[in-house]
$ cat coords_29.pdb   # PDB, C-alpha atoms
ATOM      1  CA  MET T   1     137.252  91.959 123.188
ATOM      2  CA  LYS T   2     136.881  91.973 119.415
ATOM      3  CA  VAL T   3     134.954  88.705 119.576
ATOM      4  CA  PHE T   4     132.600  90.198 122.186
ATOM      5  CA  ILE T   5     131.954  93.283 120.043
ATOM      6  CA  PHE T   6     131.288  91.094 117.003
ATOM      7  CA  ILE T   7     128.823  88.929 118.964
ATOM      8  CA  LEU T   8     127.112  92.060 120.322
ATOM      9  CA  PHE T   9     126.792  93.393 116.777
ATOM     10  CA  LEU T  10     125.191  90.139 115.651
ATOM     11  CA  VAL T  11     122.721  90.234 118.527
ATOM     12  CA  LEU T  12     121.734  93.835 117.814
ATOM     13  CA  PHE T  13     121.480  93.143 114.097
ATOM     14  CA  CYS T  14     119.300  90.087 114.608
ATOM     15  CA  GLN T  15     117.013  92.029 116.925
ATOM     16  CA  HIS T  16     116.245  94.497 114.160
ATOM     17  CA  ALA T  17     116.677  92.431 111.006
ATOM     18  CA  PHE T  18     113.022  91.610 110.571
ATOM     19  CA  ALA T  19     111.688  94.549 108.558
ATOM     20  CA  GLY T  20     110.735  93.416 105.086
ATOM     21  CA  ASP T  21     109.858  95.420 102.030
ATOM     22  CA  VAL T  22     106.586  97.321 101.521
ATOM     23  CA  LEU T  23     104.364  96.873  98.466
ATOM     24  CA  PHE T  24     101.997  99.764  97.711
ATOM     25  CA  LEU T  25      99.426  99.242  94.946
ATOM     26  CA  ASP T  26      98.435 102.748  93.910
ATOM     27  CA  ILE T  27      95.187 102.566  91.947
ATOM     28  CA  ASN T  28      93.950 105.977  93.102
ATOM     29  CA  ASN T  29      97.046 108.182  92.653
ATOM     30  CA  ALA T  30      97.436 108.205  96.428
ATOM     31  CA  ILE T  31     100.185 110.818  96.755
ATOM     32  CA  PRO T  32      99.592 111.746 100.439
ATOM     33  CA  GLU T  33      99.372 108.106 101.529
ATOM     34  CA  ILE T  34     102.592 107.209  99.722
ATOM     35  CA  GLN T  35     104.322 110.161 101.375
ATOM     36  CA  ILE T  36     103.195 109.030 104.840
ATOM     37  CA  VAL T  37     104.536 105.506 104.268
ATOM     38  CA  LYS T  38     107.823 106.852 102.906
ATOM     39  CA  GLU T  39     108.212 109.253 105.855
ATOM     40  CA  TYR T  40     107.640 106.397 108.296
ATOM     41  CA  LEU T  41     110.231 104.185 106.618
ATOM     42  CA  ASP T  42     112.715 107.062 106.561
ATOM     43  CA  LYS T  43     112.101 107.723 110.260
ATOM     44  CA  THR T  44     112.539 104.040 111.081
ATOM     45  CA  LYS T  45     115.845 103.984 109.259
ATOM     46  CA  LYS T  46     117.121 107.113 111.056
ATOM     47  CA  THR T  47     116.150 105.914 114.525
ATOM     48  CA  ASN T  48     117.714 102.503 113.847
ATOM     49  CA  ASN T  49     114.519 100.666 114.742
ATOM     50  CA  GLY T  50     115.094  98.373 111.835
ATOM     51  CA  PRO T  51     117.005  97.866 108.611
ATOM     52  CA  GLU T  52     116.148  99.776 105.487
ATOM     53  CA  SER T  53     112.900  98.564 103.959
ATOM     54  CA  ARG T  54     112.256  99.231 100.295
ATOM     55  CA  LEU T  55     108.994 100.899  99.317
ATOM     56  CA  VAL T  56     107.846  99.421  96.010
ATOM     57  CA  ILE T  57     105.018 101.341  94.343
ATOM     58  CA  VAL T  58     102.969 100.042  91.413
ATOM     59  CA  PRO T  59     102.668 101.892  89.096
ATOM     60  CA  SER T  60     106.229 102.918  89.888
ATOM     61  CA  LEU T  61     107.784 106.352  90.159
ATOM     62  CA  GLU T  62     109.471 105.596  86.856
ATOM     63  CA  THR T  63     106.054 105.093  85.277
ATOM     64  CA  TYR T  64     104.582 108.122  87.049
ATOM     65  CA  SER T  65     106.926 110.509  88.831
ATOM     66  CA  MET T  66     105.547 112.470  91.779
ATOM     67  CA  ASP T  67     105.388 115.562  89.561
ATOM     68  CA  LYS T  68     103.347 113.696  86.971
ATOM     69  CA  ARG T  69     101.161 112.181  89.686
ATOM     70  CA  GLN T  70     100.539 115.681  91.036
ATOM     71  CA  ARG T  71      99.578 116.976  87.595
ATOM     72  CA  ILE T  72      97.148 114.103  87.038
ATOM     73  CA  GLN T  73      95.593 114.778  90.441
ATOM     74  CA  GLU T  74      95.150 118.468  89.661
ATOM     75  CA  LEU T  75      93.543 117.798  86.277
ATOM     76  CA  THR T  76      91.285 115.094  87.692
ATOM     77  CA  ALA T  77      90.076 117.482  90.410
ATOM     78  CA  ILE T  78      89.186 120.049  87.739
ATOM     79  CA  MET T  79      87.305 117.401  85.756
ATOM     80  CA  ASN T  80      85.384 116.232  88.816
ATOM     81  CA  GLY T  81      84.376 119.846  89.475
ATOM     82  CA  MET T  82      83.107 120.160  85.908
ATOM     83  CA  LYS T  83      81.105 116.954  86.250
ATOM     84  CA  GLU T  84      79.457 118.219  89.433
ATOM     85  CA  LYS T  85      78.545 121.515  87.781
ATOM     86  CA  ASN T  86      77.191 119.668  84.760
ATOM     87  CA  ILE T  87      74.878 117.671  87.037
ATOM     88  CA  LEU T  88      73.626 120.837  88.729
ATOM     89  CA  LYS T  89      73.255 122.809  85.493
ATOM     90  CA  PRO T  90      72.969 120.398  82.554
ATOM     91  CA  GLY T  91      72.828 121.625  79.003
ATOM     92  CA  GLY T  92      75.791 123.967  79.171
ATOM     93  CA  ASP T  93      79.302 123.749  77.735
ATOM     94  CA  PHE T  94      80.605 121.340  80.390
ATOM     95  CA  PRO T  95      80.310 118.136  78.296
ATOM     96  CA  ARG T  96      82.642 119.579  75.656
ATOM     97  CA  GLN T  97      85.067 120.837  78.310
ATOM     98  CA  ILE T  98      85.036 117.451  80.053
ATOM     99  CA  PHE T  99      85.669 115.677  76.758
ATOM    100  CA  ASN T 100      88.631 117.929  75.917
ATOM    101  CA  LEU T 101      90.093 117.720  79.411
ATOM    102  CA  GLY T 102      89.857 113.934  79.204
ATOM    103  CA  LYS T 103      92.156 114.074  76.197
ATOM    104  CA  VAL T 104      94.656 116.158  78.154
ATOM    105  CA  ILE T 105      94.614 113.732  81.093
ATOM    106  CA  ARG T 106      95.139 110.745  78.785
ATOM    107  CA  TRP T 107      98.050 112.536  77.112
ATOM    108  CA  VAL T 108      99.687 113.192  80.500
ATOM    109  CA  LYS T 109      99.195 109.529  81.455
ATOM    110  CA  THR T 110     100.287 107.852  78.225
ATOM    111  CA  GLY T 111     101.566 110.445  75.763
ATOM    112  CA  ASP T 112      98.533 109.707  73.579
ATOM    113  CA  GLN T 113      95.301 111.665  73.972
ATOM    114  CA  ASN T 114      93.340 108.686  72.687
ATOM    115  CA  LYS T 115      94.902 106.031  74.946
ATOM    116  CA  ASP T 116      94.297 105.799  78.677
ATOM    117  CA  TYR T 117      96.344 103.946  81.285
ATOM    118  CA  SER T 118      94.493 100.715  82.048
ATOM    119  CA  LEU T 119      94.521  97.489  84.009
ATOM    120  CA  ASN T 120      96.422  95.927  81.097
ATOM    121  CA  ASP T 121      99.258  98.401  81.721
ATOM    122  CA  PHE T 122      99.226  97.921  85.486
ATOM    123  CA  LEU T 123      99.276  94.119  85.668
ATOM    124  CA  PRO T 124     102.543  93.467  83.772
ATOM    125  CA  GLU T 125     104.363  95.900  86.055
ATOM    126  CA  LEU T 126     102.889  94.228  89.139
ATOM    127  CA  GLU T 127     103.860  90.809  87.801
ATOM    128  CA  ASP T 128     107.437  91.998  87.203
ATOM    129  CA  VAL T 129     107.648  93.133  90.827
ATOM    130  CA  LEU T 130     106.197  89.894  92.174
ATOM    131  CA  ASN T 131     108.618  87.866  90.053
ATOM    132  CA  ASN T 132     111.631  89.801  91.337
ATOM    133  CA  ASP T 133     113.070  87.510  94.006
ATOM    134  CA  SER T 134     115.178  90.312  95.486
ATOM    135  CA  TYR T 135     112.018  91.550  97.213
ATOM    136  CA  ASP T 136     110.696  90.142 100.457
ATOM    137  CA  PHE T 137     107.439  91.902 101.310
ATOM    138  CA  ASP T 138     105.957  91.817 104.778
ATOM    139  CA  ARG T 139     103.462  94.671 104.339
ATOM    140  CA  VAL T 140     101.017  95.333 101.498
ATOM    141  CA  PHE T 141      98.898  98.461 100.989
ATOM    142  CA  ILE T 142      96.171  98.743  98.355
ATOM    143  CA  SER T 143      94.640 102.183  97.780
ATOM    144  CA  GLY T 144      91.643 102.765  95.561
ATOM    145  CA  HIS T 145      87.942 103.511  95.374
ATOM    146  CA  HIS T 146      86.223 100.290  96.372
ATOM    147  CA  GLY T 147      83.054  98.739  95.040
ATOM    148  CA  SER T 148      81.351  95.395  95.162
ATOM    149  CA  ASP T 149      78.745  93.518  93.222
ATOM    150  CA  TYR T 150      76.127  93.142  95.914
ATOM    151  CA  GLY T 151      74.624  90.147  94.174
ATOM    152  CA  SER T 152      77.836  88.211  94.803
ATOM    153  CA  MET T 153      80.887  88.057  97.023
ATOM    154  CA  SER T 154      83.157  89.797  94.516
ATOM    155  CA  ALA T 155      84.816  93.160  94.963
ATOM    156  CA  PHE T 156      86.832  95.512  92.782
ATOM    157  CA  LEU T 157      88.908  98.678  92.879
ATOM    158  CA  GLY T 158      89.275 101.736  90.696
ATOM    159  CA  GLY T 159      90.659 105.241  90.919
ATOM    160  CA  GLU T 160      92.433 108.097  89.172
ATOM    161  CA  PHE T 161      94.778 105.744  87.343
ATOM    162  CA  PHE T 162      92.445 102.982  86.168
ATOM    163  CA  ASN T 163      89.416 100.830  87.038
ATOM    164  CA  GLY T 164      88.606  97.142  87.172
ATOM    165  CA  LEU T 165      91.120  95.522  89.538
ATOM    166  CA  THR T 166      89.273  92.574  91.058
ATOM    167  CA  VAL T 167      89.759  90.427  94.119
ATOM    168  CA  ASP T 168      90.118  87.382  91.880
ATOM    169  CA  THR T 169      93.041  88.948  90.004
ATOM    170  CA  LEU T 170      94.791  90.005  93.203
ATOM    171  CA  LYS T 171      94.221  86.601  94.769
ATOM    172  CA  LYS T 172      95.828  84.901  91.785
ATOM    173  CA  LEU T 173      98.881  87.175  91.800
ATOM    174  CA  LEU T 174      99.549  88.020  95.441
ATOM    175  CA  ASN T 175      98.779  84.609  96.920
ATOM    176  CA  ASN T 176     101.123  82.756  94.595
ATOM    177  CA  SER T 177     104.284  84.848  94.655
ATOM    178  CA  PRO T 178     107.364  83.896  96.703
ATOM    179  CA  THR T 179     107.904  87.627  97.338
ATOM    180  CA  THR T 180     104.677  87.846  99.375
ATOM    181  CA  LYS T 181     104.952  84.599 101.340
ATOM    182  CA  ASN T 182     106.052  86.532 104.460
ATOM    183  CA  VAL T 183     103.357  89.223 104.331
ATOM    184  CA  ASN T 184     101.913  89.709 107.805
ATOM    185  CA  SER T 185      99.561  92.656 107.164
ATOM    186  CA  LEU T 186      97.275  93.783 104.341
ATOM    187  CA  ILE T 187      95.927  97.342 104.524
ATOM    188  CA  LEU T 188      92.984  98.256 102.267
ATOM    189  CA  LEU T 189      92.513 102.002 101.892
ATOM    190  CA  GLY T 190      89.041 102.163 100.359
ATOM    191  CA  CYS T 191      85.364 102.317 101.274
ATOM    192  CA  LYS T 192      83.568  99.217 102.559
ATOM    193  CA  THR T 193      86.561  96.933 102.096
ATOM    194  CA  ALA T 194      85.900  95.334 105.474
ATOM    195  CA  ILE T 195      82.127  94.994 105.548
ATOM    196  CA  ASN T 196      81.140  91.660 107.012
ATOM    197  CA  LYS T 197      80.200  89.900 103.797
ATOM    198  CA  LEU T 198      83.522  90.797 102.149
ATOM    199  CA  MET T 199      85.864  90.031 105.036
ATOM    200  CA  GLU T 200      84.124  88.087 107.775
ATOM    201  CA  ARG T 201      84.286  84.599 106.302
ATOM    202  CA  GLU T 202      87.553  82.833 105.633
ATOM    203  CA  GLY T 203      88.368  82.567 101.930
ATOM    204  CA  ILE T 204      85.699  85.057 100.838
ATOM    205  CA  ALA T 205      86.496  88.288  98.953
ATOM    206  CA  TRP T 206      89.144  90.363 100.777
ATOM    207  CA  ALA T 207      89.604  87.674 103.418
ATOM    208  CA  ALA T 208      90.973  85.492 100.599
ATOM    209  CA  ILE T 209      93.810  87.899  99.754
ATOM    210  CA  LEU T 210      97.032  86.980 101.554
ATOM    211  CA  PRO T 211      94.996  84.900 104.037
ATOM    212  CA  ASP T 212      98.019  84.028 106.188
ATOM    213  CA  SER T 213      98.433  87.678 107.169
ATOM    214  CA  LEU T 214      98.000  88.292 110.874
ATOM    215  CA  LEU T 215      96.086  91.498 110.023
ATOM    216  CA  GLN T 216      93.779  92.333 107.102
ATOM    217  CA  PHE T 217      92.473  95.848 107.672
ATOM    218  CA  GLY T 218      89.825  97.964 105.951
ATOM    219  CA  PHE T 219      86.774 100.138 106.492
ATOM    220  CA  ASN T 220      83.312  98.981 107.491
ATOM    221  CA  GLU T 221      81.693 102.006 105.858
ATOM    222  CA  THR T 222      82.929 104.892 103.760
ATOM    223  CA  SER T 223      86.610 105.672 104.250
ATOM    224  CA  PRO T 224      88.111 109.168 104.458
ATOM    225  CA  VAL T 225      89.347 110.602 101.169
ATOM    226  CA  LYS T 226      93.048 110.180 100.501
ATOM    227  CA  THR T 227      93.912 113.791 101.410
ATOM    228  CA  ASP T 228      91.875 113.818 104.648
ATOM    229  CA  GLU T 229      94.050 114.246 107.748
ATOM    230  CA  LEU T 230      91.978 111.584 109.522
ATOM    231  CA  ASN T 231      92.892 109.114 106.783
ATOM    232  CA  LEU T 232      96.567 109.967 107.146
ATOM    233  CA  ALA T 233      96.396 109.774 110.947
ATOM    234  CA  ILE T 234      94.847 106.297 110.765
ATOM    235  CA  LEU T 235      97.559 105.289 108.291
ATOM    236  CA  ARG T 236     100.284 106.487 110.664
ATOM    237  CA  GLU T 237      98.794 104.373 113.460
ATOM    238  CA  LEU T 238      98.602 101.345 111.176
ATOM    239  CA  LEU T 239     102.287 101.719 110.347
ATOM    240  CA  GLU T 240     103.119 101.615 114.060
ATOM    241  CA  ILE T 241     100.903  98.551 114.487
ATOM    242  CA  GLN T 242     102.706  96.854 111.608
ATOM    243  CA  THR T 243     105.972  97.366 113.480
ATOM    244  CA  LEU T 244     104.455  95.669 116.532
ATOM    245  CA  ILE T 245     103.368  92.760 114.338
ATOM    246  CA  ALA T 246     106.865  92.416 112.884
ATOM    247  CA  ARG T 247     108.420  92.385 116.350
ATOM    248  CA  TYR T 248     105.928  89.782 117.551
ATOM    249  CA  LYS T 249     106.561  87.576 114.517
ATOM    250  CA  ASN T 250     110.336  87.870 114.513
ATOM    251  CA  ASP T 251     111.578  88.671 118.003
ATOM    252  CA  GLN T 252     110.712  86.038 120.622
ATOM    253  CA  ASP T 253     112.012  88.280 123.403
ATOM    254  CA  SER T 254     109.915  91.317 122.434
ATOM    255  CA  GLY T 255     107.217  90.657 125.047
ATOM    256  CA  ILE T 256     104.577  91.395 122.397
ATOM    257  CA  ASN T 257     101.704  88.973 121.929
ATOM    258  CA  PRO T 258      98.492  88.936 119.840
ATOM    259  CA  ASP T 259      96.476  90.441 122.685
ATOM    260  CA  THR T 260      98.909  93.360 122.887
ATOM    261  CA  ILE T 261      98.499  94.009 119.166
ATOM    262  CA  LEU T 262      94.705  93.667 119.210
ATOM    263  CA  LYS T 263      94.416  96.182 122.048
ATOM    264  CA  ARG T 264      96.568  98.597 120.050
ATOM    265  CA  ILE T 265      94.369  98.185 116.956
ATOM    266  CA  LEU T 266      91.277  98.928 119.044
ATOM    267  CA  LYS T 267      92.894 102.182 120.209
ATOM    268  CA  ILE T 268      93.117 103.598 116.682
ATOM    269  CA  LYS T 269      91.699 107.129 116.734
ATOM    270  CA  ARG T 270      89.057 106.537 114.097
ATOM    271  CA  GLY T 271      87.097 109.812 114.291
ATOM    272  CA  ASN T 272      83.637 109.120 112.898
ATOM    273  CA  ARG T 273      84.726 106.173 110.770
ATOM    274  CA  PHE T 274      83.777 102.530 111.157
ATOM    275  CA  LEU T 275      86.712 100.145 110.909
ATOM    276  CA  GLY T 276      86.717  96.464 110.092
ATOM    277  CA  PHE T 277      89.512  93.920 110.138
ATOM    278  CA  ARG T 278      90.530  90.308 110.436
ATOM    279  CA  PHE T 279      93.141  89.683 113.093
ATOM    280  CA  ASN T 280      94.632  86.320 113.948
ATOM    281  CA  ASN T 281      91.964  84.707 111.757
ATOM    282  CA  LYS T 282      89.035  86.394 113.533
ATOM    283  CA  TYR T 283      86.787  89.176 112.194
ATOM    284  CA  TYR T 284      86.180  92.403 114.144
ATOM    285  CA  GLN T 285      84.076  95.517 113.614
ATOM    286  CA  TYR T 286      85.174  98.650 115.447
ATOM    287  CA  PRO T 287      82.630  99.713 116.504
ATOM    288  CA  LYS T 288      80.102  97.063 115.532
ATOM    289  CA  HIS T 289      78.189  98.293 112.522
ATOM    290  CA  PHE T 290      76.198  96.541 109.810
ATOM    291  CA  VAL T 291      76.582  97.666 106.212
ATOM    292  CA  GLU T 292      75.013  95.920 103.240
TER     293      GLU T 292
END
$ encode --input "coords_29.pdb" --output "structure tokens"
Amino acid sequence: MKVFIFILFLVLFCQHAFAGDVLFLDINNAIPEIQIVKEYLDKTKKTNNGPESRLVIVPSLETYSMDKRQRIQELTAIMNGMKEKNILKPGGDFPRQIFNLGKVIRWVKTGDQNKDYSLNDFLPELEDVLNNDSYDFDRVFISGHHGSDYGSMSAFLGGEFFNGLTVDTLKKLLNNSPTTKNVNSLILLGCKTAINKLMEREGIAWAAILPDSLLQFGFNETSPVKTDELNLAILRELLEIQTLIARYKNDQDSGINPDTILKRILKIKRGNRFLGFRFNNKYYQYPKHFVE
């Protein structure tokens, strides 16, 4: 009897022992998005749909606690409001106020009003994570304002924390780490990350980041802002889809196949947003939409 129970335990454990860790690159101080991912992982743990997955955020909660993240978000919103007013009514006192508030924001970020948090602060922390062989990531999220140099096939990210993170840098780091060798989905939370020229062709721009992923997902137009409920609803659906992908990749008896997953992706309630993604090495636009 004891042997039977032990074997049953092994079977049940093996059925669920496929959930890896989650890497979240937070360029845009994405508090609501981080909370959604954390809530999903907590729910998964409670319902015993999988083992505990670790959520690894860069910059970390040790670098920026949620309270500090919240304060930076509040101050940045005030600054953005000042900038908008300055555009509408130039020549007032807003430039001085913006300058002084910038000092406050830098002090909150770094403890020095003259030093901002930058890419040079972010990269060493990311490298430390990627060199930590205790991690085994199967999902990667990257959240930031997205831009591209339309004269080339390059792309870059910026946000409330810093600017200047390029595809080339991410390709060098993420594609060559043993901790990301099992990544099966890359989620890009930013505008125009999945326009055809940046994701359609194999090895080009975002399609070159973690190219062995079954799913590379982004937006084929402007994306919702990080606090928008539509953005969070899409993120919740993507988390469920990632679970389907993990079951397909790791459980031969799951009954899930690529067609099952693709149909689920195409059922995402997208509102008025245009989605783009590579799935199983093929590019899709949902719905079809051309964006330069």
$ closest_residue --input "coords_29.pdb" --among "T:Gln113, T:Asn220, T:Asn175, T:Thr169" --to "Leu189 in chain T" --atoms "only C-alpha atoms"
T:Asn220
$ resolve_selection --input "coords_29.pdb" --expression "the PyMOL selection byres ((chain T and resi 129-132) around 8)" --output "ChimeraX atom specification"
/T:125-128,133-135,173-174,177-180
$ closest_residue --input "coords_29.pdb" --among "T:Arg278, T:Ala208, T:Asn184, T:Phe137" --to "Asn250 in chain T" --atoms "all atoms listed in the file"
T:Asn184
$ residues_around --input "coords_29.pdb" --residues "Ile57 in chain T" --least-positions-apart "5" --cutoff "8 Å" --atoms "all atoms listed in the file" --output "PDB file with C-alpha atoms, in the coordinates of the input"
ATOM      1  CA  LEU T  23     104.364  96.873  98.466  1.00  0.00           C
ATOM      2  CA  PHE T  24     101.997  99.764  97.711  1.00  0.00           C
ATOM      3  CA  LEU T  25      99.426  99.242  94.946  1.00  0.00           C
ATOM      4  CA  ASP T  26      98.435 102.748  93.910  1.00  0.00           C
TER       5      ASP T  26
END
$ residues_around --input "coords_29.pdb" --residues "Phe141 in chain T" --least-positions-apart "4" --cutoff "12 Å" --atoms "all atoms listed in the file" --output "PyMOL selection string"
chain T and resi 21-28+30+33-34+37+55-58+137+174+183-190+209-210+215-218+235+238-239+242
$ closest_residue --input "coords_29.pdb" --among "T:Asn182, T:Thr227, T:Asn196, T:Gln285" --to "Arg139 in chain T" --atoms "all atoms listed in the file"
T:Asn182
$ residues_around --input "coords_29.pdb" --residues "range 260-274 of chain T" --least-positions-apart "3" --cutoff "12 Å" --atoms "all atoms listed in the file" --output "ChimeraX atom specification"
/T:190-196,214-225,228-249,254-257,277-291
$ closest_residue --input "coords_29.pdb" --among "T:Asp93, T:Asp251, T:Glu39, T:Glu202" --to "Ala19 in chain T" --atoms "only C-alpha atoms"
T:Asp251
$ residues_around --input "coords_29.pdb" --residues "Tyr64 in chain T" --least-positions-apart "4" --cutoff "10 Å" --atoms "all atoms listed in the file" --output "VMD selection string"
chain T and resid 29 57 to 60 68 to 70 72 108 to 110
$ write_last_selection --input "coords_29.pdb" --atoms "C-alpha atoms" --output "PDB file, in the frame of the given file"
ATOM      1  CA  ASN T  29      97.046 108.182  92.653  1.00  0.00           C
ATOM      2  CA  ILE T  57     105.018 101.341  94.343  1.00  0.00           C
ATOM      3  CA  VAL T  58     102.969 100.042  91.413  1.00  0.00           C
ATOM      4  CA  PRO T  59     102.668 101.892  89.096  1.00  0.00           C
ATOM      5  CA  SER T  60     106.229 102.918  89.888  1.00  0.00           C
ATOM      6  CA  LYS T  68     103.347 113.696  86.971  1.00  0.00           C
ATOM      7  CA  ARG T  69     101.161 112.181  89.686  1.00  0.00           C
ATOM      8  CA  GLN T  70     100.539 115.681  91.036  1.00  0.00           C
ATOM      9  CA  ILE T  72      97.148 114.103  87.038  1.00  0.00           C
ATOM     10  CA  VAL T 108      99.687 113.192  80.500  1.00  0.00           C
ATOM     11  CA  LYS T 109      99.195 109.529  81.455  1.00  0.00           C
ATOM     12  CA  THR T 110     100.287 107.852  78.225  1.00  0.00           C
TER      13      THR T 110
END
$ decode --input "coords_29.pdb" --residues "range 132-179 of chain T" --atoms "C-alpha atoms" --output "mmCIF file, in the first residue's frame"
data_model
loop_
_atom_site.group_PDB
_atom_site.id
_atom_site.type_symbol
_atom_site.label_atom_id
_atom_site.label_comp_id
_atom_site.auth_asym_id
_atom_site.auth_seq_id
_atom_site.Cartn_x
_atom_site.Cartn_y
_atom_site.Cartn_z
ATOM 1 C CA ASN T 132 22.329 32.471 -11.070
ATOM 2 C CA ASP T 133 21.959 28.806 -12.005
ATOM 3 C CA SER T 134 19.299 28.242 -9.343
ATOM 4 C CA TYR T 135 16.809 29.858 -11.728
ATOM 5 C CA ASP T 136 15.097 28.028 -14.551
ATOM 6 C CA PHE T 137 12.921 30.490 -16.456
ATOM 7 C CA ASP T 138 10.171 29.363 -18.780
ATOM 8 C CA ARG T 139 8.363 32.708 -19.094
ATOM 9 C CA VAL T 140 9.786 36.176 -19.755
ATOM 10 C CA PHE T 141 7.900 39.486 -19.607
ATOM 11 C CA ILE T 142 9.376 42.796 -20.758
ATOM 12 C CA SER T 143 7.413 45.960 -19.962
ATOM 13 C CA GLY T 144 8.349 49.364 -21.300
ATOM 14 C CA HIS T 145 7.557 52.125 -23.756
ATOM 15 C CA HIS T 146 8.660 50.808 -27.129
ATOM 16 C CA GLY T 147 10.275 52.625 -30.012
ATOM 17 C CA SER T 148 12.122 51.729 -33.156
ATOM 18 C CA ASP T 149 14.475 53.370 -35.574
ATOM 19 C CA TYR T 150 12.359 53.212 -38.694
ATOM 20 C CA GLY T 151 15.415 53.450 -40.899
ATOM 21 C CA SER T 152 16.577 50.072 -39.598
ATOM 22 C CA MET T 153 15.372 46.873 -37.991
ATOM 23 C CA SER T 154 16.429 47.894 -34.484
ATOM 24 C CA ALA T 155 14.134 48.503 -31.548
ATOM 25 C CA PHE T 156 14.521 49.833 -28.021
ATOM 26 C CA LEU T 157 12.667 50.279 -24.747
ATOM 27 C CA GLY T 158 12.399 52.999 -22.144
ATOM 28 C CA GLY T 159 10.148 53.981 -19.277
ATOM 29 C CA GLU T 160 9.853 55.489 -15.814
ATOM 30 C CA PHE T 161 13.035 53.805 -14.626
ATOM 31 C CA PHE T 162 15.413 54.354 -17.542
ATOM 32 C CA ASN T 163 15.766 54.497 -21.339
ATOM 33 C CA GLY T 164 17.934 52.862 -23.965
ATOM 34 C CA LEU T 165 17.494 49.092 -23.603
ATOM 35 C CA THR T 166 18.011 47.706 -27.099
ATOM 36 C CA VAL T 167 17.136 44.474 -28.832
ATOM 37 C CA ASP T 168 20.830 43.842 -29.440
ATOM 38 C CA THR T 169 21.602 44.013 -25.712
ATOM 39 C CA LEU T 170 18.718 41.716 -24.804
ATOM 40 C CA LYS T 171 19.651 39.277 -27.552
ATOM 41 C CA LYS T 172 23.197 39.062 -26.229
ATOM 42 C CA LEU T 173 22.100 38.467 -22.632
ATOM 43 C CA LEU T 174 18.885 36.457 -22.828
ATOM 44 C CA ASN T 175 19.864 34.185 -25.709
ATOM 45 C CA ASN T 176 23.100 33.063 -24.098
ATOM 46 C CA SER T 177 22.100 32.277 -20.527
ATOM 47 C CA PRO T 178 21.541 28.716 -19.265
ATOM 48 C CA THR T 179 18.729 30.099 -17.074
#
